[in-house]
Amino acid sequence: MRRPWLALFGLVAAVELVAVAVDSTVLQWLAKPLLAPVLLAYLLTHRRRVDAVAAGLVAATAGDVALLVPGRTAFLVGMGFFLLAQLAFLAGFTRRGRAPAVAWAGYLLAWAAGNALLWGALGPLRLPVLGYSLALCLMAAAAAGVSARVAAGGAFFLVSDLLIGVGAAGTELPGAGLLVMGTYCAALLLITTGWVAAHADAAREPELVPA
């Protein structure tokens, strides 16, 4: 039952991307709320317990549902749930490994640069975006201490949310919706499967026996 969960995620992600492409609200309501839960089921078949990444996927599900509702209030609620997701991921990643200093420095620089560029156009969203993006960048940096796959997932998450931030600042990029959801789906998939693989690799490592 492990591979079928990933196949199902691929199907749900494909439906979501089609829904975004054709601007179908009904299809988005059917597909988007299932993205993180399907990966959560995959995670639980391997880990068999609720850990930090599992908690992050639950928060991401709530955030996805909130962001399907139009309006600024729903946007802020969704951002709040995703803040919880980033903090859960951050907690799990920092316990799992130590990211190199260059990752922390690079992502903090990206955080400062991104907020500086968008600050004038964000209006009342400035402070919420400032706080959320800091948690996001810290998560992405910490992901580099787990594995290359999880690090890639953290980077995709940053790209996805940066595109959302650009849109919130009033700049609509061509194909932005597809780019946001494509990078978001990749982020969830890489983080979840990378997290499972990292724990599986650790379980296979032979114990060191003192000489």
# chains A, B, ... in the order shown; residues from 1 in each chain; ligands from 1

call {"tool": "residues_around", "arguments": {"residues": "segment 69-79 of chain A", "least_positions_apart": "2", "cutoff": "9 Å", "atoms": "only C-alpha atoms", "output": "PyMOL selection string"}}
result
chain A and resi 60+62-67+81-84+125+128-129+132

call {"tool": "residues_around", "arguments": {"residues": "Leu130 of chain A", "least_positions_apart": "2", "cutoff": "12 Å", "atoms": "only C-alpha atoms", "output": "JSON, numbers by chain"}}
result
{"A": [79, 83, 108, 111, 112, 113, 114, 115, 116, 117, 118, 119, 122, 123, 124, 125, 126, 127, 128, 132, 133, 134, 135, 136, 137, 162, 165]}

call {"tool": "atom_distance", "arguments": {"atom1": "atom CA of Met181 of chain A", "atom2": "atom CA of Ala13 of chain A"}}
result
8.5 Å

call {"tool": "residues_around", "arguments": {"residues": "Cys185 of chain A", "least_positions_apart": "2", "cutoff": "10 Å", "atoms": "only C-alpha atoms", "output": "PyMOL selection string"}}
result
chain A and resi 9-10+12-14+16-17+32+35-36+153+156-157+160+179-183+187-190

call {"tool": "write_last_selection", "arguments": {"atoms": "C-alpha atoms", "output": "short mmCIF file (atom, residue, chain, number, x, y, z; two decimals), in the first residue's frame"}}
result
data_model
loop_
_atom_site.label_atom_id
_atom_site.label_comp_id
_atom_site.auth_asym_id
_atom_site.auth_seq_id
_atom_site.Cartn_x
_atom_site.Cartn_y
_atom_site.Cartn_z
CA PHE A 9 -0.87 11.78 -5.14
CA GLY A 10 0.25 12.04 -8.76
CA VAL A 12 -4.64 14.28 -7.41
CA ALA A 13 -1.83 16.69 -8.31
CA ALA A 14 -2.62 16.29 -12.01
CA GLU A 16 -5.35 20.09 -9.34
CA LEU A 17 -3.07 21.42 -12.07
CA LYS A 32 -6.43 20.58 -3.49
CA LEU A 35 -2.84 16.73 -1.69
CA ALA A 36 -1.33 16.78 1.81
CA GLY A 153 11.50 20.31 -1.25
CA PHE A 156 10.44 24.49 -4.04
CA PHE A 157 8.25 25.59 -1.12
CA SER A 160 5.95 28.58 -4.59
CA LEU A 179 3.81 27.62 -11.30
CA VAL A 180 2.58 28.08 -7.73
CA MET A 181 0.76 24.76 -7.60
CA GLY A 182 3.41 22.85 -9.55
CA THR A 183 6.20 23.93 -7.21
CA ALA A 187 7.66 20.61 -2.41
CA LEU A 188 5.21 18.42 -0.51
CA LEU A 189 6.25 15.30 -2.42
CA LEU A 190 9.99 15.85 -1.96
#

call {"tool": "closest_residue", "arguments": {"among": "A:Ala85, A:Ala141, A:Val38, A:Leu68", "to": "Ala101 of chain A", "atoms": "only C-alpha atoms"}}
result
A:Ala141

call {"tool": "atom_distance", "arguments": {"atom1": "atom CA of Leu138 of chain A", "atom2": "atom CA of Gly80 of chain A"}}
result
16.1 Å

call {"tool": "residues_around", "arguments": {"residues": "segment 88-92 of chain A", "least_positions_apart": "2", "cutoff": "7 Å", "atoms": "only C-alpha atoms", "output": "VMD selection string"}}
result
chain A and resid 52 to 53 55 to 56 84 to 86 94 to 96 138 to 139 142

call {"tool": "write_last_selection", "arguments": {"atoms": "N, CA and C atoms", "output": "compact mmCIF listing (two decimals), in the first residue's frame"}}
result
# COMPACT_ATOMS: atom_id res chain seq x y z
N ALA A 52 6.73 15.41 13.40
CA ALA A 52 6.66 16.83 13.05
C ALA A 52 6.22 17.05 11.61
N VAL A 53 6.71 16.24 10.70
CA VAL A 53 6.32 16.40 9.29
C VAL A 53 4.85 16.04 9.11
N ALA A 55 2.53 16.47 11.34
CA ALA A 55 1.80 17.63 11.86
C ALA A 55 1.82 18.77 10.85
N GLY A 56 2.96 18.94 10.16
CA GLY A 56 3.04 19.97 9.14
C GLY A 56 2.08 19.72 7.99
N LEU A 84 2.10 27.52 10.79
CA LEU A 84 2.19 26.35 11.68
C LEU A 84 2.88 25.19 10.97
N ALA A 85 2.58 25.02 9.67
CA ALA A 85 3.22 23.95 8.91
C ALA A 85 4.73 24.17 8.84
N GLN A 86 5.14 25.41 8.54
CA GLN A 86 6.58 25.68 8.46
C GLN A 86 7.27 25.48 9.80
N THR A 94 15.33 20.41 12.27
CA THR A 94 16.45 20.79 13.15
C THR A 94 16.80 19.67 14.12
N ARG A 95 15.81 18.84 14.48
CA ARG A 95 16.12 17.69 15.33
C ARG A 95 16.80 16.58 14.55
N ARG A 96 16.56 16.55 13.25
CA ARG A 96 17.06 15.46 12.43
C ARG A 96 18.52 15.65 12.01
N LEU A 138 13.66 29.83 7.20
CA LEU A 138 14.33 29.00 8.22
C LEU A 138 14.05 27.53 7.98
N MET A 139 12.81 27.20 7.59
CA MET A 139 12.47 25.81 7.28
C MET A 139 13.31 25.31 6.11
N ALA A 142 16.87 24.72 7.20
CA ALA A 142 16.99 23.53 8.04
C ALA A 142 16.83 22.25 7.22

call {"tool": "atom_distance", "arguments": {"atom1": "atom CA of Ala152 of chain A", "atom2": "atom CA of Ile191 of chain A"}}
result
7.8 Å

call {"tool": "select_by_dssp", "arguments": {"residues": "chain A", "states": "helix (DSSP H, G or I)", "output": "ChimeraX atom specification"}}
result
/A:2-22,25-47,52-67,72-96,101-143,148-168,176-204

call {"tool": "closest_residue", "arguments": {"among": "A:Thr61, A:Leu6, A:Gly145, A:Leu87", "to": "Leu43 of chain A", "atoms": "only C-alpha atoms"}}
result
A:Leu6

call {"tool": "closest_residue", "arguments": {"among": "A:Ala186, A:Val18, A:Leu178, A:Leu109", "to": "Leu163 of chain A", "atoms": "only C-alpha atoms"}}
result
A:Leu178

call {"tool": "closest_residue", "arguments": {"among": "A:Leu158, A:Val22, A:Val50, A:Leu8", "to": "Leu34 of chain A", "atoms": "only C-alpha atoms"}}
result
A:Leu8
